[in-house]
2 protein chains.
Amino acid sequence: MAILKGAALVGQSGGPTAAINATLAGVIRGAFEAKDAITKLYGMRNGIEGFLAERTIDLTATFSNEAGALDEEKLNLLAGTPAAGLGSCRKKLPDPDADPEFFAGLIALFKKYDIRYFFYIGGNDSMDTVAKLTKYLKTTDYEMRAVGVPKTIDNDLAATDHAPGYGSAAKYIASTMQEIIRDCAVYTVPAVTVVEVMGRDAGWLTASAALPRIINGTAPDYVYLPEVNFDTDAFINDIRAALDKHPNVVIAASEGIRFADGRYVGESSQSGATDVFGHKYLGGTGKTLEGIVKDTFGCKVRSIELNLPQRCAAHLQSKTDIDESRGVGRAAVGFAVEGTSGVMATIQRADGAEYKAEFVPMEIAGIANQVRSVPREYITDAGNNVTDECLNYIKPLIQGETETAFKDGLPVHIIL
Amino acid sequence: MAILKGAALVGQSGGPTAAINATLAGVIRGAFEAKDAITKLYGMRNGIEGFLAERTIDLTATFSNEAGALDEEKLNLLAGTPAAGLGSCRKKLPDPDADPEFFAGLIALFKKYDIRYFFYIGGNDSMDTVAKLTKYLKTTDYEMRAVGVPKTIDNDLAATDHAPGYGSAAKYIASTMQEIIRDCAVYTVPAVTVVEVMGRDAGWLTASAALPRIINGTAPDYVYLPEVNFDTDAFINDIRAALDKHPNVVIAASEGIRFADGRYVGESSQSGATDVFGHKYLGGTGKTLEGIVKDTFGCKVRSIELNLPQRCAAHLQSKTDIDESRGVGRAAVGFAVEGTSGVMATIQRADGAEYKAEFVPMEIAGIANQVRSVPREYITDAGNNVTDECLNYIKPLIQGETETAFKDGLPVHIIL
């Protein structure tokens, strides 16, 4: 096959993670390694939305050292910087059949910059963008290749064994749960601590809170995932049983847990419900569960929302996750240069007792807009915890630590 | 002076920190080094409350290796473990004049175990315990020495330049603020993020959120401390000015900010419950400010409560803080063995351009139950930020990183 020569364009989209810049670093490395084909690598500022306004950055120039080679130190700093360094957006593209003019305009812009390679790092919505562009490209004679690169702390992307960013988030959540459990253990007064974990539709992040159990025996008493309907009576019975065993009860609950009727548990806190003192609950799943415990048991109770640090705590990245994030970004460029288009670069778990990841291109059309939930068999029959099998799936993804660069006491971030 | 020979007793009290076990490690080292005087080191489980129930642990045995010497590796693990390893309590002792029988009972227990040295690691309330014991000891002929060892992430203890635990909390807060600022920068839509920081009466922790400003130029737009009355109109004007400058506004606010009439800003969302010392439970400050911004500007707004990780994120300890925490614990033992009693072992900043800490014993009676606030001259005239001078005071305390021990992807903690 003749080499397709031209510029490449890379963007980041959707919610940030602690690893999405590592994937960008991988794409940059791939582009530097493919200089026969890729004449220049542009970064879109704020995703496709910024590109439509022609807001770009020359990443080839930015990451070249004085000798014109890849600046490895700068690339490492990028990989250790949390959140999308190029900026992000949440733009949903129209369907090519419904709005071909939109895509004609997009192609005109690609032509203007001689862009022949398109890499988009993101989650479900971003893969939808790649799928739509792929669909439209089939109707034109403009030769270009589009490859999606996965990213989501939620780990809910289909077709890939797991998503870059998930391992670091899981490591942060598991480590923080350990620290919270230590903190909660210091008093002898009965107390319940509710830790609210991200994950609107999939419980992978919440499951990771139980990870210390198979590593060193420390674990929250229960984890509640959105894959199982939340039942208030069963929850109260769980807490009662735990309080019977020990004074310091710690549980993890997904922000996305729902009642059988589909209402989010966190929703009830905005519906005018009041606590025993007549105060409105503050909102959120953790606060609602806090209220239930306070009303039922009258004991000390608090809720902790792990919040944004779950997705941006780059100072505690998983080395496995970062190595894979960089690797899959680099592999995506390789696939495209070799002639592949309309795919997502996925991570597959190789067969064998030892954990090993492989990067495999998968047809993009079947991926976008699916949600990969925690399978029911990974959750205990009682629905209030995950199985060891589930934790054994997660465990390899949090292994190893990256060397965070510090200067004057603080982590060093790079700003593009 | 003749050597006072006998057992020593050490306890931890009040809220946990990421460094209080490092101080315990220092006391353990000090006791091992003073074997001429200290025959055995007991740890109180759950502070003085546990000791009254004779719940103790033999720390000399626990931290001896097979050769009978100090097990350095175990001691390092202890110093890297967050929260009070011995457990804690919030017991307030009676005044010796009002209830001498209580102290007579306590001394009887000391005699039973031949305890001649008493070390209590904690904040204001713990120093109150040491002060009361000191006061009672003057009325008896039982020879023993009591030394307080400071601990508080709040940094509000009097007589010491800063408190062990503060540096690690400040490092965590400053690092996390950087990460949150990176995360918030990815979108172009106007958004306000309110980060709620611990600190009921003193704004030292909230001030640390601005620390990146003098290190690398990254900083929240404003920091609101409890030392300045909170004014809603001024706050709204601040936010408006920031939104005029850039779309991603990030502010830090102390949980303890108050209106001019003394009401806590977060009080509206609280139950009004107080702890045994009469401290009000706080926590709704971020939510209240979120509501004000939403009502006024209608833009995207969220609040993040940094919560417990501020005091238990041992995976991101400050080396300076941990070195000093260990050092001051060891020094406390040295002071007592040399004949000093009724003091708190403090940290003083040596004169000179280079930062250097010295450990100095200070009379306990004047210390307990004082609050060392952020001085007004460390806060800008507008009252919505801290000065560079304030940040230069904090900066040395977050320098350096400890080597967290990891096993199978998670930090290793020791459970006593």
# chains A, B, ... in the order shown; residues from 1 in each chain; ligands from 1
>>> interface_residues(of="chain A", to="chain B", cutoff="8 Å", atoms="only C-alpha atoms", output="ChimeraX atom specification")
/A:16,46,82-89,171,174-176,179-180,182-183,185-188,212,215,277,279-280,282,304-309,312-314,318,395,398-401,408-411
>>> write_last_selection(atoms="N, CA and C atoms", output="CSV table (one decimal), in the first residue's frame")
chain,number,residue,atom,x,y,z
A,16,PRO,N,-12.5,15.0,31.5
A,16,PRO,CA,-11.1,14.7,31.6
A,16,PRO,C,-10.8,13.5,32.5
A,46,ASN,N,-10.0,22.4,22.5
A,46,ASN,CA,-11.4,22.1,22.8
A,46,ASN,C,-12.1,21.2,21.8
A,82,PRO,N,-2.8,16.0,34.7
A,82,PRO,CA,-4.2,15.6,34.6
A,82,PRO,C,-5.0,16.4,33.7
A,83,ALA,N,-6.2,15.9,33.3
A,83,ALA,CA,-7.2,16.7,32.5
A,83,ALA,C,-6.7,16.9,31.1
A,84,ALA,N,-7.6,17.1,30.2
A,84,ALA,CA,-7.3,17.3,28.8
A,84,ALA,C,-6.5,18.5,28.5
A,85,GLY,N,-5.2,18.3,28.2
A,85,GLY,CA,-4.3,19.4,27.9
A,85,GLY,C,-4.7,20.2,26.7
A,86,LEU,N,-5.4,19.6,25.8
A,86,LEU,CA,-5.8,20.4,24.6
A,86,LEU,C,-7.1,21.1,24.8
A,87,GLY,N,-7.7,20.8,26.0
A,87,GLY,CA,-9.1,21.3,26.2
A,87,GLY,C,-10.1,20.3,25.7
A,88,SER,N,-11.3,20.4,26.0
A,88,SER,CA,-12.3,19.4,25.7
A,88,SER,C,-13.6,20.1,25.2
A,89,CYS,N,-14.6,19.3,24.7
A,89,CYS,CA,-15.9,19.9,24.4
A,89,CYS,C,-16.9,18.8,24.5
A,171,LYS,N,-7.2,3.1,41.1
A,171,LYS,CA,-6.1,3.2,42.1
A,171,LYS,C,-6.3,4.3,43.1
A,174,ALA,N,-9.3,3.2,45.4
A,174,ALA,CA,-9.0,2.2,46.4
A,174,ALA,C,-8.0,2.7,47.4
A,175,SER,N,-7.0,3.5,47.0
A,175,SER,CA,-6.1,4.1,48.0
A,175,SER,C,-6.8,5.0,49.0
A,176,THR,N,-7.6,5.9,48.4
A,176,THR,CA,-8.4,6.8,49.3
A,176,THR,C,-9.3,6.1,50.2
A,179,GLU,N,-7.4,4.9,53.1
A,179,GLU,CA,-7.0,6.0,54.0
A,179,GLU,C,-8.3,6.4,54.8
A,180,ILE,N,-9.4,6.5,54.2
A,180,ILE,CA,-10.7,6.9,54.9
A,180,ILE,C,-11.0,5.8,55.9
A,182,ARG,N,-8.9,3.9,57.5
A,182,ARG,CA,-8.0,4.1,58.6
A,182,ARG,C,-8.5,5.3,59.5
A,183,ASP,N,-8.8,6.4,58.8
A,183,ASP,CA,-9.3,7.5,59.6
A,183,ASP,C,-10.5,7.2,60.4
A,185,ALA,N,-11.4,4.5,61.7
A,185,ALA,CA,-11.2,3.5,62.7
A,185,ALA,C,-10.7,4.0,64.0
A,186,VAL,N,-10.4,5.3,64.1
A,186,VAL,CA,-9.8,5.8,65.3
A,186,VAL,C,-10.7,6.0,66.5
A,187,TYR,N,-12.0,6.1,66.3
A,187,TYR,CA,-12.9,6.3,67.4
A,187,TYR,C,-13.7,5.0,67.7
A,188,THR,N,-14.2,4.9,68.9
A,188,THR,CA,-14.9,3.7,69.3
A,188,THR,C,-16.5,3.9,69.3
A,212,PRO,N,-9.1,-3.2,47.9
A,212,PRO,CA,-8.1,-3.6,49.0
A,212,PRO,C,-8.4,-4.9,49.6
A,215,ILE,N,-6.3,-7.5,48.3
A,215,ILE,CA,-4.9,-7.2,48.4
A,215,ILE,C,-4.3,-7.2,49.8
A,277,PHE,N,-34.3,16.9,61.8
A,277,PHE,CA,-34.4,18.3,62.4
A,277,PHE,C,-35.2,19.2,61.5
A,279,HIS,N,-34.6,19.8,58.4
A,279,HIS,CA,-33.7,20.4,57.3
A,279,HIS,C,-33.8,19.6,56.0
A,280,LYS,N,-33.8,20.3,54.9
A,280,LYS,CA,-33.8,19.6,53.6
A,280,LYS,C,-32.5,18.9,53.5
A,282,LEU,N,-29.3,17.7,51.4
A,282,LEU,CA,-28.5,18.7,50.6
A,282,LEU,C,-28.5,18.3,49.1
A,304,ILE,N,-19.1,11.4,52.2
A,304,ILE,CA,-17.9,11.9,51.5
A,304,ILE,C,-18.1,11.7,50.0
A,305,GLU,N,-18.1,12.8,49.3
A,305,GLU,CA,-18.2,12.7,47.8
A,305,GLU,C,-16.7,12.8,47.3
A,306,LEU,N,-16.3,11.7,46.7
A,306,LEU,CA,-14.9,11.7,46.2
A,306,LEU,C,-14.7,12.8,45.1
A,307,ASN,N,-15.7,13.0,44.4
A,307,ASN,CA,-15.7,14.2,43.4
A,307,ASN,C,-14.6,14.2,42.4
A,308,LEU,N,-14.3,15.4,41.9
A,308,LEU,CA,-13.3,15.5,40.8
A,308,LEU,C,-12.0,14.8,41.0
A,309,PRO,N,-11.4,14.8,42.2
A,309,PRO,CA,-10.1,14.1,42.3
A,309,PRO,C,-10.1,12.7,41.8
A,312,CYS,N,-8.9,13.3,38.3
A,312,CYS,CA,-7.8,14.2,38.0
A,312,CYS,C,-6.6,14.1,38.9
A,313,ALA,N,-6.6,13.1,39.8
A,313,ALA,CA,-5.5,12.9,40.8
A,313,ALA,C,-4.3,12.3,40.1
A,314,ALA,N,-3.7,13.0,39.2
A,314,ALA,CA,-2.5,12.5,38.4
A,314,ALA,C,-1.3,12.2,39.3
A,318,SER,N,-1.8,5.1,38.0
A,318,SER,CA,-1.4,3.7,37.9
A,318,SER,C,-0.4,3.6,36.7
A,395,LYS,N,-7.7,-5.7,39.5
A,395,LYS,CA,-6.4,-5.7,40.2
A,395,LYS,C,-5.2,-5.4,39.3
A,398,ILE,N,-4.3,-1.5,38.3
A,398,ILE,CA,-3.8,-0.5,39.3
A,398,ILE,C,-2.4,-0.7,39.7
A,399,GLN,N,-1.7,-1.7,39.0
A,399,GLN,CA,-0.4,-2.0,39.5
A,399,GLN,C,0.7,-1.0,39.0
A,400,GLY,N,1.6,-0.7,39.9
A,400,GLY,CA,2.7,0.1,39.6
A,400,GLY,C,2.4,1.6,39.8
A,401,GLU,N,3.5,2.4,40.0
A,401,GLU,CA,3.3,3.8,40.3
A,401,GLU,C,4.2,4.6,39.2
A,408,ASP,N,9.5,22.3,44.0
A,408,ASP,CA,9.2,23.1,45.1
A,408,ASP,C,8.0,22.6,45.9
A,409,GLY,N,7.9,21.3,46.0
A,409,GLY,CA,6.8,20.6,46.8
A,409,GLY,C,5.5,20.3,46.1
A,410,LEU,N,5.4,20.7,44.8
A,410,LEU,CA,4.1,20.5,44.1
A,410,LEU,C,4.4,19.7,42.8
A,411,PRO,N,3.4,18.9,42.4
A,411,PRO,CA,3.5,18.2,41.1
A,411,PRO,C,3.7,19.2,39.9
>>> residues_around(residues="B:Glu290", least_positions_apart="3", cutoff="12 Å", atoms="only C-alpha atoms", output="VMD selection string")
(chain A and resid 282) or (chain B and resid 191 to 196 235 to 236 239 250 to 253 265 to 266 284 to 287 293 to 305)
>>> calpha_fit_rmsd(fixed="chain A", moving="chain B")
4.2 Å
>>> select_by_dssp(residues="stretch 156-362 of chain B", states="helix (DSSP H, G or I)", output="number ranges by chain")
B: 166-184, 204-208, 212-216, 232-245, 267-269, 285-297, 309-312, 314-316, 319-337
>>> decode(residues="stretch 366-388 of chain B", atoms="N, CA and C atoms", output="PDB file, in the first residue's frame")
ATOM      1  N   GLY B 366       0.097  27.912  79.214  1.00  0.00           N
ATOM      2  CA  GLY B 366      -0.322  29.050  78.394  1.00  0.00           C
ATOM      3  C   GLY B 366      -0.814  28.671  77.012  1.00  0.00           C
ATOM      4  N   ILE B 367      -0.737  27.411  76.670  1.00  0.00           N
ATOM      5  CA  ILE B 367      -0.986  26.988  75.295  1.00  0.00           C
ATOM      6  C   ILE B 367      -2.403  26.486  75.074  1.00  0.00           C
ATOM      7  N   ALA B 368      -2.856  25.643  76.005  1.00  0.00           N
ATOM      8  CA  ALA B 368      -4.106  24.920  75.794  1.00  0.00           C
ATOM      9  C   ALA B 368      -5.285  25.863  75.555  1.00  0.00           C
ATOM     10  N   ASN B 369      -6.126  25.465  74.652  1.00  0.00           N
ATOM     11  CA  ASN B 369      -7.376  26.177  74.370  1.00  0.00           C
ATOM     12  C   ASN B 369      -7.208  27.574  73.774  1.00  0.00           C
ATOM     13  N   GLN B 370      -6.013  27.878  73.270  1.00  0.00           N
ATOM     14  CA  GLN B 370      -5.856  29.096  72.471  1.00  0.00           C
ATOM     15  C   GLN B 370      -6.033  28.733  70.998  1.00  0.00           C
ATOM     16  N   VAL B 371      -6.337  29.728  70.195  1.00  0.00           N
ATOM     17  CA  VAL B 371      -6.407  29.519  68.748  1.00  0.00           C
ATOM     18  C   VAL B 371      -5.475  30.501  68.061  1.00  0.00           C
ATOM     19  N   ARG B 372      -4.559  29.992  67.250  1.00  0.00           N
ATOM     20  CA  ARG B 372      -3.656  30.865  66.505  1.00  0.00           C
ATOM     21  C   ARG B 372      -4.235  31.047  65.102  1.00  0.00           C
ATOM     22  N   SER B 373      -4.792  32.192  64.855  1.00  0.00           N
ATOM     23  CA  SER B 373      -5.434  32.462  63.572  1.00  0.00           C
ATOM     24  C   SER B 373      -4.414  32.960  62.565  1.00  0.00           C
ATOM     25  N   VAL B 374      -4.850  33.038  61.307  1.00  0.00           N
ATOM     26  CA  VAL B 374      -4.034  33.677  60.280  1.00  0.00           C
ATOM     27  C   VAL B 374      -4.046  35.176  60.571  1.00  0.00           C
ATOM     28  N   PRO B 375      -2.873  35.808  60.765  1.00  0.00           N
ATOM     29  CA  PRO B 375      -2.872  37.237  61.082  1.00  0.00           C
ATOM     30  C   PRO B 375      -3.481  38.058  59.947  1.00  0.00           C
ATOM     31  N   ARG B 376      -4.138  39.147  60.316  1.00  0.00           N
ATOM     32  CA  ARG B 376      -4.822  39.966  59.313  1.00  0.00           C
ATOM     33  C   ARG B 376      -3.873  40.454  58.234  1.00  0.00           C
ATOM     34  N   GLU B 377      -2.590  40.687  58.600  1.00  0.00           N
ATOM     35  CA  GLU B 377      -1.644  41.183  57.598  1.00  0.00           C
ATOM     36  C   GLU B 377      -1.236  40.111  56.594  1.00  0.00           C
ATOM     37  N   TYR B 378      -1.607  38.869  56.850  1.00  0.00           N
ATOM     38  CA  TYR B 378      -1.374  37.798  55.868  1.00  0.00           C
ATOM     39  C   TYR B 378      -2.524  37.713  54.855  1.00  0.00           C
ATOM     40  N   ILE B 379      -3.545  38.527  55.065  1.00  0.00           N
ATOM     41  CA  ILE B 379      -4.728  38.501  54.201  1.00  0.00           C
ATOM     42  C   ILE B 379      -4.790  39.826  53.452  1.00  0.00           C
ATOM     43  N   THR B 380      -5.169  39.796  52.178  1.00  0.00           N
ATOM     44  CA  THR B 380      -5.219  41.034  51.386  1.00  0.00           C
ATOM     45  C   THR B 380      -6.248  41.999  51.967  1.00  0.00           C
ATOM     46  N   ASP B 381      -6.103  43.264  51.622  1.00  0.00           N
ATOM     47  CA  ASP B 381      -7.025  44.285  52.124  1.00  0.00           C
ATOM     48  C   ASP B 381      -8.470  43.941  51.782  1.00  0.00           C
ATOM     49  N   ALA B 382      -8.672  43.424  50.557  1.00  0.00           N
ATOM     50  CA  ALA B 382     -10.032  43.085  50.125  1.00  0.00           C
ATOM     51  C   ALA B 382     -10.584  41.873  50.887  1.00  0.00           C
ATOM     52  N   GLY B 383      -9.705  41.161  51.574  1.00  0.00           N
ATOM     53  CA  GLY B 383     -10.163  40.036  52.388  1.00  0.00           C
ATOM     54  C   GLY B 383     -10.520  38.791  51.595  1.00  0.00           C
ATOM     55  N   ASN B 384     -10.154  38.768  50.306  1.00  0.00           N
ATOM     56  CA  ASN B 384     -10.537  37.612  49.487  1.00  0.00           C
ATOM     57  C   ASN B 384      -9.322  36.829  48.979  1.00  0.00           C
ATOM     58  N   ASN B 385      -8.165  37.054  49.580  1.00  0.00           N
ATOM     59  CA  ASN B 385      -6.983  36.285  49.205  1.00  0.00           C
ATOM     60  C   ASN B 385      -5.925  36.424  50.303  1.00  0.00           C
ATOM     61  N   VAL B 386      -4.854  35.631  50.175  1.00  0.00           N
ATOM     62  CA  VAL B 386      -3.748  35.760  51.119  1.00  0.00           C
ATOM     63  C   VAL B 386      -2.557  36.397  50.420  1.00  0.00           C
ATOM     64  N   THR B 387      -1.680  36.971  51.212  1.00  0.00           N
ATOM     65  CA  THR B 387      -0.518  37.668  50.652  1.00  0.00           C
ATOM     66  C   THR B 387       0.606  36.685  50.323  1.00  0.00           C
ATOM     67  N   ASP B 388       1.555  37.146  49.543  1.00  0.00           N
ATOM     68  CA  ASP B 388       2.730  36.323  49.248  1.00  0.00           C
ATOM     69  C   ASP B 388       3.499  36.000  50.530  1.00  0.00           C
TER      70      ASP B 388
END
